[in-house]
>>> print(open('target_20.txt').read())   # compact mmCIF, C-alpha atoms and all ligand atoms
# COMPACT_ATOMS: atom_id res chain seq x y z
CA MET C 785 15.31 -80.46 -18.00
CA ASN C 786 12.09 -79.01 -16.74
CA THR C 787 10.85 -75.91 -18.50
CA HIS C 788 8.54 -73.48 -16.83
CA HIS C 789 5.91 -74.03 -19.51
CA ASN C 790 5.90 -77.79 -19.45
CA PRO C 791 6.36 -79.02 -15.88
CA ARG C 792 6.36 -82.73 -15.16
CA VAL C 793 3.51 -83.92 -12.96
CA ALA C 794 3.61 -86.38 -10.06
CA LEU C 795 0.88 -88.12 -8.09
CA VAL C 796 1.82 -89.29 -4.58
CA THR C 797 -0.51 -91.54 -2.58
CA GLY C 798 -0.65 -91.54 1.21
CA ALA C 799 0.76 -88.01 1.12
CA ALA C 800 -1.07 -86.51 4.11
CA ARG C 801 1.83 -87.36 6.41
CA GLY C 802 5.07 -89.28 6.84
CA ILE C 803 7.12 -90.50 3.90
CA GLY C 804 4.46 -89.65 1.29
CA ARG C 805 4.25 -86.06 2.42
CA ALA C 806 8.05 -85.71 2.36
CA ILE C 807 8.14 -87.17 -1.17
CA ALA C 808 5.45 -84.76 -2.38
CA LEU C 809 7.33 -81.75 -1.00
CA ARG C 810 10.65 -83.00 -2.39
CA LEU C 811 9.23 -83.52 -5.89
CA ALA C 812 7.73 -80.01 -5.75
CA ALA C 813 11.15 -78.65 -4.81
CA ASP C 814 12.54 -80.58 -7.80
CA GLY C 815 10.16 -78.58 -10.02
CA LEU C 816 7.24 -80.95 -10.48
CA ASP C 817 3.57 -80.10 -10.06
CA VAL C 818 2.11 -82.55 -7.57
CA ALA C 819 -1.25 -84.22 -6.90
CA VAL C 820 -1.44 -85.45 -3.33
CA ASN C 821 -3.70 -88.33 -2.35
CA ASP C 822 -4.88 -89.79 0.92
CA LEU C 823 -8.09 -91.09 2.51
CA PRO C 824 -10.96 -88.56 2.83
CA ALA C 825 -10.48 -88.49 6.64
CA GLN C 826 -7.02 -86.95 6.04
CA SER C 827 -8.29 -84.09 3.84
CA ASP C 828 -7.17 -81.33 6.20
CA PHE C 829 -3.59 -82.59 6.14
CA LEU C 830 -3.76 -82.87 2.36
CA TYR C 831 -4.85 -79.23 2.05
CA THR C 832 -1.88 -78.25 4.22
CA ALA C 833 0.41 -80.17 1.87
CA VAL C 834 -1.19 -78.44 -1.13
CA ALA C 835 -0.55 -75.01 0.44
CA GLU C 836 3.08 -75.93 1.14
CA ILE C 837 3.64 -77.10 -2.42
CA GLN C 838 2.11 -73.89 -3.74
CA ARG C 839 4.46 -71.90 -1.48
CA ILE C 840 7.36 -73.69 -3.21
CA GLY C 841 5.93 -72.25 -6.44
CA ARG C 842 4.41 -75.39 -7.96
CA LYS C 843 0.83 -76.31 -8.76
CA ALA C 844 -0.84 -78.82 -6.47
CA VAL C 845 -4.16 -80.55 -6.05
CA ALA C 846 -5.61 -82.77 -3.32
CA VAL C 847 -7.30 -85.95 -4.55
CA THR C 848 -8.89 -88.17 -1.92
CA ALA C 849 -9.33 -91.85 -2.71
CA ASP C 850 -8.97 -95.23 -1.07
CA VAL C 851 -6.22 -96.86 -3.13
CA SER C 852 -7.66 -100.33 -2.54
CA LYS C 853 -10.78 -99.49 -4.60
CA GLU C 854 -10.35 -99.67 -8.36
CA LYS C 855 -12.99 -97.10 -9.31
CA GLU C 856 -11.50 -94.61 -6.86
CA VAL C 857 -7.98 -95.12 -8.20
CA GLU C 858 -9.18 -94.66 -11.76
CA ALA C 859 -10.98 -91.45 -10.76
CA MET C 860 -7.91 -90.29 -8.80
CA VAL C 861 -5.68 -90.54 -11.86
CA ASP C 862 -8.30 -88.82 -14.04
CA THR C 863 -8.74 -85.98 -11.56
CA ALA C 864 -5.01 -85.44 -11.22
CA VAL C 865 -4.62 -85.36 -15.00
CA SER C 866 -7.55 -82.94 -15.48
CA ALA C 867 -6.19 -80.62 -12.80
CA LEU C 868 -2.48 -80.69 -13.71
CA GLY C 869 -2.53 -81.64 -17.38
CA ARG C 870 -0.65 -84.95 -17.46
CA LEU C 871 1.02 -87.64 -15.34
CA ASP C 872 4.75 -88.36 -15.46
CA VAL C 873 5.48 -89.82 -12.03
CA MET C 874 3.32 -92.09 -9.88
CA VAL C 875 4.48 -92.76 -6.33
CA ALA C 876 2.31 -95.54 -4.90
CA ASN C 877 3.35 -94.83 -1.33
CA ALA C 878 0.14 -95.43 0.64
CA GLY C 879 0.36 -98.41 2.94
CA VAL C 880 -0.49 -99.75 6.36
CA GLY C 881 1.99 -100.96 8.97
CA ALA C 882 2.56 -104.33 10.59
CA GLY C 883 -0.21 -104.13 13.19
CA ARG C 884 -0.38 -106.77 15.90
CA VAL C 885 2.73 -108.91 16.29
CA VAL C 886 1.60 -112.46 15.59
CA SER C 887 3.18 -115.68 14.36
CA VAL C 888 2.17 -117.54 11.23
CA MET C 889 0.71 -120.26 13.49
CA ASP C 890 -1.60 -117.73 15.13
CA ALA C 891 -2.29 -115.62 12.05
CA ASP C 892 -5.76 -114.17 11.68
CA ILE C 893 -6.04 -114.48 7.91
CA GLY C 894 -8.86 -111.94 7.66
CA GLU C 895 -6.74 -109.33 9.42
CA TRP C 896 -3.76 -110.07 7.18
CA GLU C 897 -5.91 -109.83 4.07
CA LYS C 898 -7.09 -106.35 5.10
CA ARG C 899 -3.47 -105.21 5.06
CA TRP C 900 -2.88 -106.88 1.70
CA GLU C 901 -5.88 -104.98 0.26
CA ILE C 902 -4.05 -101.70 0.77
CA ASN C 903 -0.41 -102.72 0.42
CA ILE C 904 -0.79 -105.20 -2.46
CA ARG C 905 -4.07 -104.45 -4.25
CA GLY C 906 -3.67 -100.69 -3.71
CA THR C 907 -0.17 -100.70 -5.19
CA LEU C 908 -1.28 -102.87 -8.14
CA LEU C 909 -4.20 -100.54 -8.90
CA CYS C 910 -1.95 -97.48 -8.76
CA TYR C 911 0.60 -99.15 -11.07
CA LYS C 912 -2.17 -100.25 -13.45
CA HIS C 913 -3.99 -96.95 -13.88
CA SER C 914 -0.92 -94.72 -13.90
CA ALA C 915 0.68 -97.00 -16.51
CA ARG C 916 -2.40 -96.78 -18.73
CA GLN C 917 -2.29 -92.98 -18.54
CA MET C 918 1.46 -92.83 -19.25
CA VAL C 919 1.20 -95.22 -22.20
CA LYS C 920 -1.64 -93.10 -23.60
CA GLN C 921 0.52 -89.97 -23.33
CA GLY C 922 3.36 -91.75 -25.10
CA THR C 923 6.16 -89.83 -23.40
CA GLY C 924 7.44 -92.38 -20.90
CA GLY C 925 7.23 -92.07 -17.16
CA ARG C 926 8.29 -93.18 -13.71
CA ILE C 927 6.30 -95.55 -11.50
CA ILE C 928 7.57 -95.98 -7.95
CA GLY C 929 6.26 -98.21 -5.16
CA ALA C 930 6.77 -98.55 -1.42
CA SER C 931 8.38 -101.85 -0.52
CA SER C 932 10.28 -102.21 2.77
CA LEU C 933 13.22 -103.84 4.49
CA CYS C 934 10.45 -106.25 5.56
CA GLY C 935 9.80 -107.06 1.89
CA LEU C 936 13.41 -108.13 1.32
CA ARG C 937 13.66 -110.64 4.16
CA GLY C 938 11.35 -112.15 6.74
CA PHE C 939 10.97 -110.97 10.33
CA ALA C 940 9.34 -113.12 13.02
CA GLY C 941 5.94 -111.82 14.09
CA VAL C 942 5.30 -109.50 11.15
CA GLY C 943 4.67 -112.01 8.37
CA GLY C 944 1.49 -110.37 7.10
CA TYR C 945 3.31 -107.11 6.46
CA CYS C 946 6.46 -108.80 5.09
CA ILE C 947 4.39 -110.71 2.51
CA SER C 948 2.71 -107.51 1.34
CA LYS C 949 5.99 -105.67 0.84
CA ALA C 950 7.62 -108.66 -0.90
CA ALA C 951 4.66 -108.53 -3.29
CA VAL C 952 5.45 -104.88 -4.08
CA ARG C 953 9.00 -105.90 -5.04
CA SER C 954 7.71 -108.70 -7.27
CA LEU C 955 5.06 -106.51 -8.90
CA THR C 956 7.72 -103.87 -9.53
CA GLN C 957 9.85 -106.39 -11.45
CA THR C 958 6.97 -107.65 -13.61
CA THR C 959 5.66 -104.18 -14.37
CA ALA C 960 9.15 -102.93 -15.21
CA LEU C 961 9.54 -105.64 -17.86
CA GLU C 962 6.10 -104.94 -19.31
CA LEU C 963 6.63 -101.18 -19.55
CA ARG C 964 10.21 -101.09 -20.86
CA GLU C 965 9.06 -100.59 -24.43
CA TYR C 966 7.15 -97.46 -23.41
CA GLY C 967 10.09 -95.73 -21.74
CA ILE C 968 8.46 -96.12 -18.35
CA THR C 969 10.69 -97.25 -15.48
CA VAL C 970 9.27 -99.01 -12.43
CA ASN C 971 11.20 -99.17 -9.16
CA SER C 972 10.48 -99.29 -5.46
CA TYR C 973 12.13 -98.01 -2.32
CA ALA C 974 12.73 -100.25 0.69
CA PRO C 975 13.10 -98.14 3.83
CA GLY C 976 14.48 -99.44 7.10
CA VAL C 977 13.07 -97.75 10.20
CA ILE C 978 11.85 -94.24 9.40
CA GLU C 979 10.46 -91.91 12.07
CA THR C 980 6.79 -91.55 11.12
CA ASP C 981 3.45 -92.07 12.88
CA MET C 982 3.51 -95.65 11.60
CA THR C 983 6.64 -96.52 13.59
CA THR C 984 6.05 -94.23 16.60
CA LYS C 985 2.52 -93.24 17.67
CA GLU C 986 0.74 -96.16 16.04
CA ALA C 987 3.30 -98.71 17.16
CA ASP C 988 3.00 -97.38 20.73
CA LYS C 989 -0.80 -97.67 20.54
CA GLU C 990 -0.50 -101.25 19.35
CA HIS C 991 2.29 -102.43 21.66
CA GLY C 992 2.53 -99.93 24.49
CA PRO C 993 5.19 -97.33 25.31
CA GLY C 994 8.82 -98.38 25.24
CA PHE C 995 8.21 -100.59 22.23
CA THR C 996 10.52 -99.93 19.31
CA VAL C 997 10.33 -101.27 15.79
CA LYS C 998 14.12 -101.74 15.89
CA ASN C 999 13.78 -104.12 18.83
CA LEU C 1000 10.92 -105.97 17.16
CA LEU C 1001 13.06 -106.47 14.06
CA LYS C 1002 16.09 -107.35 16.26
CA ILE C 1003 18.23 -104.65 14.68
CA PRO C 1004 18.71 -102.40 17.77
CA GLU C 1005 22.06 -100.99 16.65
CA VAL C 1006 20.72 -99.57 13.41
CA ARG C 1007 20.01 -95.85 13.02
CA THR C 1008 16.54 -94.55 12.23
CA ALA C 1009 16.06 -91.76 9.72
CA LYS C 1010 13.62 -89.06 8.64
CA PRO C 1011 11.08 -89.21 5.81
CA ALA C 1012 13.23 -86.76 3.83
CA ASP C 1013 16.02 -89.37 3.76
CA VAL C 1014 13.70 -91.61 1.75
CA ALA C 1015 12.35 -88.75 -0.37
CA VAL C 1016 15.83 -87.99 -1.71
CA VAL C 1017 16.06 -91.50 -3.19
CA VAL C 1018 12.58 -91.20 -4.68
CA SER C 1019 13.65 -87.87 -6.15
CA PHE C 1020 16.36 -89.68 -8.10
CA LEU C 1021 14.05 -92.52 -9.19
CA ALA C 1022 11.50 -89.92 -10.37
CA SER C 1023 14.05 -87.94 -12.36
CA PRO C 1024 14.70 -88.27 -16.09
CA ASP C 1025 18.33 -89.07 -15.17
CA SER C 1026 17.34 -92.48 -13.73
CA HIS C 1027 16.20 -93.85 -17.12
CA PHE C 1028 18.67 -96.79 -17.01
CA VAL C 1029 17.42 -98.04 -13.61
CA THR C 1030 14.31 -100.22 -13.67
CA GLY C 1031 12.78 -103.20 -11.83
CA GLN C 1032 14.88 -102.40 -8.75
CA THR C 1033 13.95 -102.23 -5.10
CA ILE C 1034 16.39 -99.80 -3.53
CA SER C 1035 17.24 -100.17 0.15
CA VAL C 1036 17.29 -97.01 2.26
CA ASP C 1037 18.04 -98.68 5.58
CA ASP C 1038 21.47 -97.82 7.02
CA GLY C 1039 22.94 -100.99 5.53
CA VAL C 1040 20.77 -103.66 7.16
CA HIS C 1041 20.07 -105.50 3.93
CA PHE C 1042 22.29 -105.90 0.86
CA SER C 1043 20.47 -106.94 -2.30
P1 LIG Q 1 2.16 -93.41 7.65
O1 LIG Q 1 1.21 -94.36 8.31
O2 LIG Q 1 2.76 -92.34 8.47
O3 LIG Q 1 1.46 -92.74 6.36
C1 LIG Q 1 0.76 -93.53 5.45
C2 LIG Q 1 -0.34 -92.70 4.81
O4 LIG Q 1 -1.06 -93.55 3.90
C3 LIG Q 1 -1.34 -92.16 5.84
O5 LIG Q 1 -1.54 -90.77 5.65
C4 LIG Q 1 -2.61 -92.96 5.55
O6 LIG Q 1 -3.82 -92.24 5.80
C5 LIG Q 1 -2.44 -93.28 4.06
N1 LIG Q 1 -3.27 -94.41 3.66
C6 LIG Q 1 -3.48 -95.57 4.35
N2 LIG Q 1 -4.35 -96.35 3.70
C7 LIG Q 1 -4.70 -95.68 2.57
C8 LIG Q 1 -5.59 -95.97 1.50
N3 LIG Q 1 -6.29 -97.12 1.48
N4 LIG Q 1 -5.74 -95.06 0.51
C9 LIG Q 1 -5.05 -93.91 0.53
N5 LIG Q 1 -4.19 -93.57 1.53
C10 LIG Q 1 -4.03 -94.45 2.53
O7 LIG Q 1 3.28 -94.35 6.98
P2 LIG Q 1 4.78 -94.02 6.51
O8 LIG Q 1 5.67 -94.46 7.60
O9 LIG Q 1 4.89 -92.65 5.97
O10 LIG Q 1 4.92 -95.09 5.34
C11 LIG Q 1 4.70 -94.79 3.97
C12 LIG Q 1 4.97 -96.05 3.14
O11 LIG Q 1 6.30 -96.51 3.37
C13 LIG Q 1 4.04 -97.22 3.52
O12 LIG Q 1 3.72 -97.97 2.36
C14 LIG Q 1 4.91 -98.04 4.45
O13 LIG Q 1 4.50 -99.39 4.51
C15 LIG Q 1 6.27 -97.85 3.84
N6 LIG Q 1 7.38 -98.07 4.77
C16 LIG Q 1 7.49 -97.32 5.92
C17 LIG Q 1 8.57 -97.56 6.78
C18 LIG Q 1 8.78 -96.77 8.06
O14 LIG Q 1 9.71 -97.09 8.81
N7 LIG Q 1 8.00 -95.73 8.36
C19 LIG Q 1 9.49 -98.57 6.49
C20 LIG Q 1 9.33 -99.31 5.33
C21 LIG Q 1 8.27 -99.05 4.48
>>> encode(input="target_20.txt", output="structure tokens")
Amino acid sequence: MNTHHNPRVALVTGAARGIGRAIALRLAADGLDVAVNDLPAQSDFLYTAVAEIQRIGRKAVAVTADVSKEKEVEAMVDTAVSALGRLDVMVANAGVGAGRVVSVMDADIGEWEKRWEINIRGTLLCYKHSARQMVKQGTGGRIIGASSLCGLRGFAGVGGYCISKAAVRSLTQTTALELREYGITVNSYAPGVIETDMTTKEADKEHGPGFTVKNLLKIPEVRTAKPADVAVVVSFLASPDSHFVTGQTISVDDGVHFS
């Protein structure tokens, strides 16, 4: 499927750590060259990811950008394409977590909007500019976004985050319909609780030790999983074999939610 001379190319945002990093490494193992993005402050971790991808035998490039800024996203796609030759797979993974637990009645709208800038606007900009590049190439593509269990149903206290991830699901459906004629599929993954900084270190900082996301979501009996357990699903969505799957948000959550 993937010849040595014409490798497919992926761009993964928020790839300095966590789920994004696992996706980047998995796609490299699948035989893709990979551009890894994160915020400039995460450059060192990006360079580590680049070195690991190169060790797998694939080309890699680090492209810093804030995905909530349109000019930066445009430049990110251009840089990835100049460095690796083309773009076949966009994984708009970058996102920010739930933050402070607060009810709708007590919501600080400004704080919620800051999250939406990254989770909603950032995802939209990544979809937009990767789609334009893929349409220009004329050889189809795969666009993949990060929704969440929290985008598929509400959870008390985390409304700002739930809204943003529901928006990713909705955007995925619209974009899928618009890009069908170009052979570009658009899907998102909806993880349950995955062991990353977002759900461990940062959650502890926000809520104190002993806090668990599972308890917050009132799903204490559910298993947690590793970033690689999400990456394997993204691997399928990124593959040519998944051409008949589009507009879907695929749960990777130990069976908490059935769509
Ligand atoms: P993480 O916080 O460990 O990693 C996210 C990465 O995105 C970080 O490296 C961060 O620097 C980067 N990032 C943040 N804002 C950015 C911006 N504006 N521009 C570019 N990069 C930016 O998170 P994770 O747990 O690996 O989650 C990855 C994605 O999966 C997120 O969209 C998250 O909402 C989603 N998700 C995670 C879980 C979970 O349980 N961990 C569950 C459901 C959905």
>>> atom_distance(input="target_20.txt", atom1="CA of Ile1003 (chain C)", atom2="atom N7 of ligand LIG 1 (chain Q)")
15.0 Å
>>> residues_near_ligand(input="target_20.txt", ligand="ligand LIG 1 (chain Q)", cutoff="6 Å", atoms="all atoms listed in the file", output="mmCIF file with C-alpha atoms, in the coordinates of the input")
data_model
loop_
_atom_site.group_PDB
_atom_site.id
_atom_site.type_symbol
_atom_site.label_atom_id
_atom_site.label_comp_id
_atom_site.auth_asym_id
_atom_site.auth_seq_id
_atom_site.Cartn_x
_atom_site.Cartn_y
_atom_site.Cartn_z
ATOM 1 C CA THR C 797 -0.510 -91.540 -2.580
ATOM 2 C CA GLY C 798 -0.650 -91.540 1.210
ATOM 3 C CA ALA C 799 0.760 -88.010 1.120
ATOM 4 C CA ALA C 800 -1.070 -86.510 4.110
ATOM 5 C CA ARG C 801 1.830 -87.360 6.410
ATOM 6 C CA GLY C 802 5.070 -89.280 6.840
ATOM 7 C CA ILE C 803 7.120 -90.500 3.900
ATOM 8 C CA GLY C 804 4.460 -89.650 1.290
ATOM 9 C CA ASP C 822 -4.880 -89.790 0.920
ATOM 10 C CA LEU C 823 -8.090 -91.090 2.510
ATOM 11 C CA ALA C 849 -9.330 -91.850 -2.710
ATOM 12 C CA ASP C 850 -8.970 -95.230 -1.070
ATOM 13 C CA VAL C 851 -6.220 -96.860 -3.130
ATOM 14 C CA SER C 852 -7.660 -100.330 -2.540
ATOM 15 C CA ASN C 877 3.350 -94.830 -1.330
ATOM 16 C CA ALA C 878 0.140 -95.430 0.640
ATOM 17 C CA GLY C 879 0.360 -98.410 2.940
ATOM 18 C CA VAL C 880 -0.490 -99.750 6.360
ATOM 19 C CA GLY C 881 1.990 -100.960 8.970
ATOM 20 C CA ILE C 902 -4.050 -101.700 0.770
ATOM 21 C CA ALA C 930 6.770 -98.550 -1.420
ATOM 22 C CA SER C 931 8.380 -101.850 -0.520
ATOM 23 C CA SER C 932 10.280 -102.210 2.770
ATOM 24 C CA ALA C 974 12.730 -100.250 0.690
ATOM 25 C CA PRO C 975 13.100 -98.140 3.830
ATOM 26 C CA GLY C 976 14.480 -99.440 7.100
ATOM 27 C CA VAL C 977 13.070 -97.750 10.200
ATOM 28 C CA ILE C 978 11.850 -94.240 9.400
ATOM 29 C CA GLU C 979 10.460 -91.910 12.070
ATOM 30 C CA THR C 980 6.790 -91.550 11.120
ATOM 31 C CA ASP C 981 3.450 -92.070 12.880
ATOM 32 C CA MET C 982 3.510 -95.650 11.600
ATOM 33 C CA THR C 983 6.640 -96.520 13.590
#
>>> residues_near_point(input="target_20.txt", point="(12.5, -92.0, 4.1)", cutoff="8 Å", atoms="all atoms listed in the file", output="list in words")
Ile803, Ala806, Pro975, Ile978, Ala1009, Lys1010, Pro1011, Ala1012, Asp1013, Val1014, Ala1015, Val1016 and Val1036 of chain C
>>> atom_distance(input="target_20.txt", atom1="CA of Ser1043 (chain C)", atom2="CA of Arg937 (chain C)")
10.1 Å
>>> closest_residue(input="target_20.txt", among="C:Ala794, C:Thr984, C:Ala940, C:Val857", to="Thr996 (chain C)", atoms="all atoms listed in the file")
C:Thr984
>>> closest_residue(input="target_20.txt", among="C:Gly943, C:Tyr966, C:Leu909, C:Ala951", to="Glu895 (chain C)", atoms="all atoms listed in the file")
C:Gly943
>>> closest_residue(input="target_20.txt", among="C:Arg953, C:Arg926, C:His991, C:Lys1002", to="His1027 (chain C)", atoms="all atoms listed in the file")
C:Arg926
>>> atom_distance(input="target_20.txt", atom1="CA of Thr1033 (chain C)", atom2="CA of Tyr973 (chain C)")
5.4 Å
>>> residues_around(input="target_20.txt", residues="Ser972 (chain C)", least_positions_apart="6", cutoff="10 Å", atoms="all atoms listed in the file", output="ChimeraX atom specification")
/C:875-877,927-932,952-957,1017-1018,1021,1030-1035
